[in-house]
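Visitor: What follows is a single structure, and I will ask about it in a moment.
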Amino acid sequence: MPPSGDAPDSTDSVVISAPIVVEDNFHFSHYYWNLWNLSTDSDVENDSDDEQILKPKQMKNEDIKLKVYNQVMGNKNNNIHFGKWDGIPIEEKDAYGRASEAMTDYMIGLALDMQPHRRKANDLKFVDLGSGTGAAVVQILERADPHLVVQATCLNMCHEQNITAKAMVEEKKFENQVEIIEGTFENAPFEESVFDLVFSQDSFIHSVSKKQTYSEAYRIAKPGGAFVFCDLMAGDNPDLTPAEEQKFVETNVLNDWLNPSQNVQTVKEAGWKDVELVDLTADMRISFVLKSKFQLRT
């Protein structure tokens with residue numbers, strides 16, 4: 001979806017100087033640590049009474065952060081994105097981790113298909129908006145042609161995740177190629193026309209304003225650049241009642257819950273051209289089923 005030469009209409013853009021964030025320190029609550037018997041007194045700050053047991057606690061032990069990932073994944077992979085399940089047997093121990101990696105591969109493949117000249121280039125600059133632990137960026141660098149990417153940027157608002165990302169980048173010796181920046185994708189701290197690719201995997205569900213997010217992606221992409229993202233979107237299940245949908249929105253603190261057609265329209269309104277939607281519902285359904293299975297099993 002390369003940007004056109006015309007700037008999008010910004011009359012209804014949203015300026016977010018101090019976004020309201022509901023953060024649970026690495027997305028893991030004390031409730032799930034107890035459910036899976038993963039936490040100890042040395043892992044968690046115990047500064048609340050019993051009535052607040054579901055309130056997120058501050059973690060002292062950095063290792064606990066990845067224990068939940070490993071519980072779900074069945075391996076040491078911390079890429080817990082929704083998976084691409086083509087050819088991956090779901091009964092295998094590390095199936096979820098492999099599928100998550102396959103989705104990242106699939107997305108970067110789409111990006112290069114939109115910019116075929118980039119497959120032979122050696123100056124690709126891309127940004128991952130809502131990069132989490134940096135797993136997707138590290139995977140892309142590990143599997144891409146070693147001369148393809150000159151600079152990768154992680155933009156993420158969670159400080160704890162950024163610490164983990166930095167450690168992983170250094171472990172993989174990508175520190176000269178990767179920059180980790182703390183910030184929001186609604187107000188991306190970049191100049192205009194910086195990146196050949198704007199990438200995001202399962203992060204925009206947390207966006208305060210989809211229009212602002214997609215407009216920022218447009219602003220920071222170079223003319224002729226691409227924008228590829230995967231995310232949860234509102235469905236059209238006729239059996240889903242408005243009350244059930246509202247409960248889901250409130251439980252997950254969703255600010256701008258759009259269905260696929262609304263997302264496509266909003267991306268276009270942000271200025272993007274040649275917008276295409278790929279329906280990955282079947283893959284996400286498998287991911288949800290496996291996540292539920294792991295939770296029920298424990």
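Chains: A, B, ... in order of the structure tokens. Residues: from 1 per chain. Ligands: from 1, in order shown.
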With DSSP run on the backbone, what are the alpha helix (DSSP H) residues within stretch 93-268 of chain A? I'd like them as number ranges by chain.

Guide: A: 95-114, 135-143, 159-171, 210-220, 242-251, 260-268

Visitor: Counting only C-alpha atoms, what is within 12 Å of A:Ile286, bar same-chain residues fewer than 4 positions away, as a PDB file with C-alpha atoms, in the first residue's frame?

Guide:
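Written file, around.pdb:
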ATOM      1  CA  PHE A  82      -1.208 -15.160  16.254  1.00  0.00           C
ATOM      2  CA  GLY A  83       0.014 -17.938  14.000  1.00  0.00           C
ATOM      3  CA  LYS A  84      -0.042 -18.887  10.335  1.00  0.00           C
ATOM      4  CA  TRP A  85      -0.889 -22.554  10.493  1.00  0.00           C
ATOM      5  CA  ASP A  86      -0.299 -23.818   6.951  1.00  0.00           C
ATOM      6  CA  ILE A  88       2.007 -27.007  10.978  1.00  0.00           C
ATOM      7  CA  PRO A  89       0.506 -29.898  13.010  1.00  0.00           C
ATOM      8  CA  ILE A  90      -1.214 -28.343  16.015  1.00  0.00           C
ATOM      9  CA  GLU A  91      -0.447 -31.345  18.240  1.00  0.00           C
ATOM     10  CA  ALA A  95       3.469 -25.724  17.153  1.00  0.00           C
ATOM     11  CA  TYR A  96       2.358 -22.326  18.450  1.00  0.00           C
ATOM     12  CA  ALA A  99       3.069 -20.761  13.643  1.00  0.00           C
ATOM     13  CA  SER A 100       3.838 -17.358  15.190  1.00  0.00           C
ATOM     14  CA  LEU A 280      -6.768 -14.760   8.317  1.00  0.00           C
ATOM     15  CA  THR A 281      -9.740 -15.664  10.492  1.00  0.00           C
ATOM     16  CA  ALA A 282      -9.125 -19.403  10.161  1.00  0.00           C
ATOM     17  CA  LEU A 290      -4.851 -23.463  21.436  1.00  0.00           C
ATOM     18  CA  LYS A 291      -4.498 -20.590  23.884  1.00  0.00           C
ATOM     19  CA  SER A 292      -7.761 -21.618  25.536  1.00  0.00           C
ATOM     20  CA  LYS A 293      -6.576 -25.227  25.623  1.00  0.00           C
TER      21      LYS A 293
END

Visitor: Where does stretch 179-246 of chain A meet stretch 159-172 of chain A within 8 Å, residue by residue, with the nearest atom pair and distance in Å to one decimal for each, counting only C-alpha atoms, listed by chain and rising number, as a tab-separated table?

Guide:
residue	atom	partner	partner_atom	distance
A:Ile180	CA	A:Asn162	CA	6.9
A:Ile181	CA	A:Asn162	CA	8.0
A:Glu182	CA	A:His159	CA	6.9

Visitor: Produce a file of the selected residues containing all heavy atoms, as a compact mmCIF listing (two decimals), in the first residue's frame.

Guide:
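Listed below is the output, again-v5.txt:
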# COMPACT_ATOMS: atom_id res chain seq x y z
N ILE A 180 15.81 0.82 19.39
CA ILE A 180 14.62 0.58 20.20
C ILE A 180 14.20 1.91 20.82
O ILE A 180 14.97 2.54 21.55
CB ILE A 180 14.88 -0.46 21.29
CG1 ILE A 180 15.27 -1.79 20.64
CG2 ILE A 180 13.65 -0.65 22.18
CD1 ILE A 180 15.77 -2.83 21.61
N ILE A 181 12.98 2.33 20.50
CA ILE A 181 12.48 3.63 20.94
C ILE A 181 11.20 3.45 21.74
O ILE A 181 10.30 2.72 21.33
CB ILE A 181 12.24 4.56 19.74
CG1 ILE A 181 13.56 4.82 19.01
CG2 ILE A 181 11.58 5.87 20.17
CD1 ILE A 181 13.41 5.66 17.76
N GLU A 182 11.11 4.12 22.86
CA GLU A 182 9.92 4.07 23.70
C GLU A 182 8.97 5.18 23.26
O GLU A 182 9.33 6.36 23.27
CB GLU A 182 10.31 4.24 25.17
CG GLU A 182 9.32 3.64 26.13
CD GLU A 182 9.96 3.28 27.47
OE1 GLU A 182 10.93 2.48 27.48
OE2 GLU A 182 9.50 3.82 28.48

Visitor: So how many Å separate atom CA of A:Ala121 and atom CA of A:Glu101, to one decimal?

Guide: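 So the answer is 23.5 Å.
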
Visitor: Expressed in Å to a single decimal, how great is the separation between atom CA of A:Lys211 and atom CA of A:Val228?

Guide: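 So the two atoms, atom CA of A:Lys211 and atom CA of A:Val228, lie 15.3 Å apart.
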